[in-house]
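*Asks:* My questions will all concern the structure given below.
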Amino acid sequence: MQLTTQHFIALLPLLITCTTPVVVMLGIAWKRNHSQTFMLSTIGLNLALLSIIPASKAAPLEVTQLLMIDNYSLLYMSLILVTTLACMTLCHAYLGDKAGLPGYPGNREEIYLLFLLASAGGEVLVSAQHLASLFIGLELLSIPVYGMVAYAFFNKRSLEAGIKYMVLSAVGSAFLLFGMALLYADSGSLSFISLGKSLSGSGVHGTLVQIGVGLMLIGLGFKLSMVPFHLWTPDVYEGAPAPVAAFLATASKVAVFVVLLRLYQISPAMADGWLNHLLSLIAVGSIIFGNLLALMQSNLKRLLGYSSIAHFGYLLIALIASKGMAVEAVGVYLVSYVLTSLGAFGVITLMSTPFSGRDADALYEYRGLFWRRPYLTAVLTLMMLSLAGIPLTAGFIGKFYVIATGVESELWWLIGVLILGSAIGVFYYLRVMVTLYLIEPHLRRHDAPLNWGQRTSGIMLMLVAFLAFLLGVYPQPLLDLVHHSSLALAG
Amino acid sequence: MILPWLILIPFIGGFLCWQGERLGASAPRWIALLSMALLFALGLWLWATGDFSLAPAPGAEPRWTSEFQVDWIDRLGISVHLALDGLSVLMVVLTGLLGVLSVLCSWKEIQHRVGFFHLNLMWILGGVIGVFLAIDLFLFFFFWEMMLVPMYFLIALWGHSGSVGKSRITAATKFFIFTQASGLIMLVAILGLVFVHYSQTGALTFAYADLLKTQMAPGTEYLLMLGFFAAFAVKFPVVPVHSWLPDAHAQAPTAGSVDLAGILLKTAAYGMLRFSLPLFPNASAEFAPIAMALGVFAIVYGALLSFAQTDMKRLVAFSSVSHMGFILIAIYSGSQIALQGAVVQMISHGLSAAALFILSGQLYERLHTRDMREMGGLWGRMSWLPAVSLFFAAAALGLPGTGNFIGEILILIGTFPSFPWIASLAATGLVFGSVYSLCMIHRAYFGPAKSESAIAGLNSRELITVLGLAGLLILLGVYPQPVLDTSAASMQGVQQWISTAFSQLVTAR
């Protein structure tokens, strides 16, 4: 096919995101300076973010068979870019200003390269409409993350988490590939649309297709840490440096879920009865086990890890419903979830700033935080309420949408499980929340720097919290945005 | 334009309290007192000037005394829609009054983190007022859930630590989980109703007036009604799901108990009168025998358990379960007299339970215990408090001359013609009521004294709060007409909904 200027404009965000690592790499080779590297990467991602505007004029446009740039993919591209920017800002504070001052002892610059690469992977993934680009995007997203998780490699936990994630992720990818191969064997095509056509045309699906779809689901389930493929999640979240855990919980999961939704929407044959039953089982498992396992955690990062399993269980309900408001619900839920997770991990990051061997992730370190850092605590409280889905927060709107979708599609059992899960979830979110307000224990190991509010990361965090509150009170702009970001079907 | 201010005053006031702590510990108290007084005054002004013959009734567009509407979430047909009728104005006034009282009664009790305490206190009241005014179902749910968080903090941070396994955090969490989970069931029912309406008209809306016109299949209506009932039953509380209430009361600070018993429980009754019955009249009529049976059971069971308590606040908490049972019966009786009685009972129970909680709080400040086994013989050792307690105990058992008597007698009279058995069984609650009330007085204030030393009596602030309540209760007891007039139109509307459904039910059989 002929590539015109229009195509390049549509691809602009991706192109800029891919150029930035090259520039940053050259920059590091020229002069190793933490702040300069950070600035370069932020400028690159901001440019990419700006280029969404011209790209949205060109959308919807199919760029080769592999990528489809439509409003849907542009929405999530910007979500991923913003998330990556937020994680990088957190990371900058976390690693410490420059070598010599307290902070991370090794080289600090390379992690930005990994962030940039991973976000490029995410962008490919959200616009993929072909199994090949799905796989490329997924690997481009995952492989830098191995490095990021193990970035504090001299720390045993971080290294262990990195290796664990790498091995399991590779296994997941292998399942995914095998599944794709089986699908290809049956339908002779790899693009979502023709896959959908050939599968719906044949009427009765062979065992081969069923196994293929099942294997793909296992692969994606690993990445999304759905039950029963969730075992790696708490360990990796605990071991990874806090800003990386934030990235893992937000950008990486969002990208995978978005492509799953596109696959599910475009190839309706995928949405057949048996697959829905399977997904329902996974959703129920994720909600119940995610919440139950989070119940007694005393480590905040592990707790958030389990809670993210549960949240993707809730999201699956919208995916299973897959009609009416479902796509919208997924959008609203993802945005609110991303804001909330960023906020929660952001507080953990600031508490562990600057890097000092291990993160402040034990719950007792947060005891009585309110009386020392009231605004930081207000942020974390808001995030916990948002995760629990209490009104005045973005999380409520998200949960409201998912329940609405479930009611619309009459998925009563799943709604019942969702209510049960929320009731369990409230318990541990409240436990975290009330800890913040208890009497101080007088043993402090970690605390956020006193001037956290005046630093970039602190301002960013305040902004996230403000947005989470604003969207809870006045969600109309978000709903409009998501409403107009519908999927485009390419011919 | 005054309606949004009723909600905003507590929220802004609460925020000012938090920030006002920098000016000293007493600044938040004064700010809170002033904003509550302002709220109360606004409520009274609305009551004095409003025309309460306007109220929603079947077969016509709902008419309101005062209304306020701005668009909120267009996409889903949600708007900030507030409205006031006779029922809501009474509840708003009650909220304002108890708001003032709860600030007054925590003047001495709360000494730590005063600003944050008042923030939570004000925000609970703001949420409650929102519940009483909202007539957009989304907005209603929004406030319904929102008031839980500050209440949770109030119990968890300023509560009394109980014995092992009954800590204040456990109690607060139990309260939160019960109400939150049941609230989500109601949300599902609300959404179910909205989508049924959507499938009929093609318009997505959460507006009360539109949803009233929804036609439903009997099965659907019954299920949706049960969803609403689940949330209201937990807050009410109806007996199988009441277990959070005594724990929450026992652990909560005095102001928390006052709000909980005085107004939070009333939101459930209000919700049934405003939403459950008008939206699902046929299902409610069908469900009425079950609901009334639950009410009778709550009356007897609450009274019996109340009798067995040794903790004074738990005793009052269980007596609340018993008194709320009367209201439940009245709501489902379908009689205008009983419904009017329910309104009087809501107010007088709010006043008398609040007073009893304030009195146990005052006792606790002096004795540092609420265990009645460690009291006894207090009558001679302190001035005022025992006598005032005796008055409120008498009010709680429904002595003529107090508002409680009017409420209970109207409920029983109204229920008797159509449900004589229910009314007779419920009347035993009055007997049990006098047993546990007098027992409480006897155990705490009479009998051998544990020590002879005198205890400080009530100071003027404390005296004014409780005597003021006593005065209001007597006023309500001897001249309830203004209250009855105000709520008459609203109750008539509700009564028409349910009695039409009752008669259809009879003809269908």
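FYI, nothing fancy with the structure tokens labels: chains A, B, ... in order, residues from 1 per chain, ligands from 1 as they appear.
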Taking only C-alpha atoms into account, find every residue of chain A that has an atom no more than 6 Å from chain B, and write it out as a ChimeraX atom specification.

*Replies:* /A:391,423,476

*Asks:* Mind checking which residues fall within 8 Å of Tyr76 in chain A, counting only C-alpha atoms, ignoring those fewer than 4 positions away in the same chain, and posting them as a list in words?

*Replies:*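 The residues satisfying every condition are Tyr72, Ile80, Glu123, Val126, Val254, Ala255 and Val258 of chain A.
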
*Asks:* Write to file, as a compact mmCIF listing (two decimals), in the first residue's frame, the residues of the selection just made, with N, CA and C atoms.

*Replies:*
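Just written: part03.txt:
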```
# COMPACT_ATOMS: atom_id res chain seq x y z
N TYR A 72 -10.42 5.68 19.03
CA TYR A 72 -10.26 4.74 20.13
C TYR A 72 -8.78 4.58 20.47
N ILE A 80 -1.79 6.33 27.65
CA ILE A 80 -0.50 5.67 27.92
C ILE A 80 0.62 6.70 28.01
N GLU A 123 1.75 1.91 22.60
CA GLU A 123 1.04 2.60 21.52
C GLU A 123 0.76 1.67 20.35
N VAL A 126 -2.24 -0.59 21.35
CA VAL A 126 -3.61 -0.06 21.35
C VAL A 126 -4.12 0.19 19.94
N VAL A 254 -3.35 -1.42 30.81
CA VAL A 254 -4.30 -0.73 29.95
C VAL A 254 -4.12 -1.15 28.51
N ALA A 255 -2.85 -1.15 28.04
CA ALA A 255 -2.59 -1.46 26.65
C ALA A 255 -3.10 -2.85 26.30
N VAL A 258 -6.90 -2.98 26.26
CA VAL A 258 -7.46 -2.27 25.12
C VAL A 258 -7.43 -3.14 23.86
```

*Asks:* Could you name the residues that touch Ile111 in chain A at 9 Å or less, counting only C-alpha atoms, but leaving out those on the same chain fewer than 6 positions away, as a list in words?

*Replies:* Met88, Cys91, Pro144, Gly147, Met148 and Tyr151 of chain A

*Asks:* Those residues you just picked out, can you put them in a file as a PDB file, in the first residue's frame with C-alpha atoms?

*Replies:*
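Dumped to out.pdb:
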```pdb
ATOM      1  CA  MET A  88       8.825   9.090  34.698  1.00  0.00           C
ATOM      2  CA  CYS A  91      10.924   8.038  38.837  1.00  0.00           C
ATOM      3  CA  PRO A 144      11.771  -3.133  28.616  1.00  0.00           C
ATOM      4  CA  GLY A 147      14.723  -4.374  32.824  1.00  0.00           C
ATOM      5  CA  MET A 148      12.712  -1.785  34.706  1.00  0.00           C
ATOM      6  CA  TYR A 151      16.481  -1.928  37.762  1.00  0.00           C
TER       7      TYR A 151
END
```

*Asks:* Can you pull out every residue within 12 Å of Asp311 in chain B, counting only C-alpha atoms, but drop anything in the same chain fewer than 4 positions away, and send it as a PyMOL selection string?

*Replies:* chain B and resi 162+246-247+249-251+305-307+315-318+357+360-361+364+369-375+440+443-444

*Asks:* Could you write out, as JSON, numbers by chain, all the residues of range 26-265 of chain B that DSSP marks as alpha helix (DSSP H)?

*Replies:* {"B": [26, 27, 28, 29, 30, 31, 32, 33, 34, 35, 36, 37, 38, 39, 40, 41, 42, 43, 44, 45, 46, 47, 48, 49, 86, 87, 88, 89, 90, 91, 92, 93, 94, 95, 96, 97, 98, 99, 100, 101, 102, 103, 104, 105, 114, 115, 116, 117, 118, 119, 120, 121, 122, 123, 124, 125, 126, 127, 128, 129, 130, 131, 132, 133, 137, 138, 139, 140, 141, 142, 143, 144, 145, 146, 148, 149, 150, 151, 152, 153, 154, 155, 156, 157, 158, 168, 169, 170, 171, 172, 173, 174, 175, 176, 177, 178, 179, 180, 181, 182, 183, 184, 185, 186, 187, 188, 189, 190, 191, 192, 193, 194, 195, 196, 197, 198, 199, 200, 201, 208, 209, 210, 211, 218, 219, 220, 221, 222, 223, 224, 225, 226, 227, 228, 229, 230, 231, 232, 233, 234, 235, 244, 245, 246, 247, 248, 249, 250, 251, 254, 255, 256, 257, 258, 259, 265]}

*Asks:* When you look at Gln129 in chain A with a cut-off of 8 Å (counting only C-alpha atoms), what residues show up, excluding the ones that are within fewer than 4 positions of it in the same chain? I need them as an mmCIF file with C-alpha atoms, in the first residue's frame.

*Replies:*
```cif
data_model
loop_
_atom_site.group_PDB
_atom_site.id
_atom_site.type_symbol
_atom_site.label_atom_id
_atom_site.label_comp_id
_atom_site.auth_asym_id
_atom_site.auth_seq_id
_atom_site.Cartn_x
_atom_site.Cartn_y
_atom_site.Cartn_z
ATOM 1 C CA GLN A 65 -2.622 -3.921 7.581
ATOM 2 C CA LEU A 66 -1.054 -3.813 10.986
ATOM 3 C CA LEU A 67 -2.191 -0.612 12.607
ATOM 4 C CA MET A 68 -5.495 1.166 12.791
ATOM 5 C CA SER A 133 1.279 -6.122 15.482
ATOM 6 C CA LEU A 134 -0.394 -7.378 18.610
ATOM 7 C CA SER A 191 -5.865 -9.671 10.793
ATOM 8 C CA PHE A 192 -8.636 -9.252 13.320
ATOM 9 C CA ILE A 193 -11.279 -8.562 10.725
ATOM 10 C CA ARG A 262 -10.628 -4.474 20.123
ATOM 11 C CA LEU A 263 -10.120 -8.119 19.305
#
```

*Asks:* List the neighbours of range 366-377 of chain A out to 12 Å using only C-alpha atoms; skip same-chain residues closer than 5 positions along the sequence, and give me the result as JSON, numbers by chain.

*Replies:* {"A": [298, 299, 300, 343, 344, 345, 346, 347, 348, 349, 350, 351, 352, 360, 361, 382, 383, 384, 431, 432, 433, 434, 435, 436, 437, 438, 439, 440, 441, 442, 443, 444, 445, 446, 447, 448, 449, 450, 451, 452, 453, 457, 458, 459, 461, 462, 464, 465, 466], "B": [18, 19, 112, 113, 116, 157]}
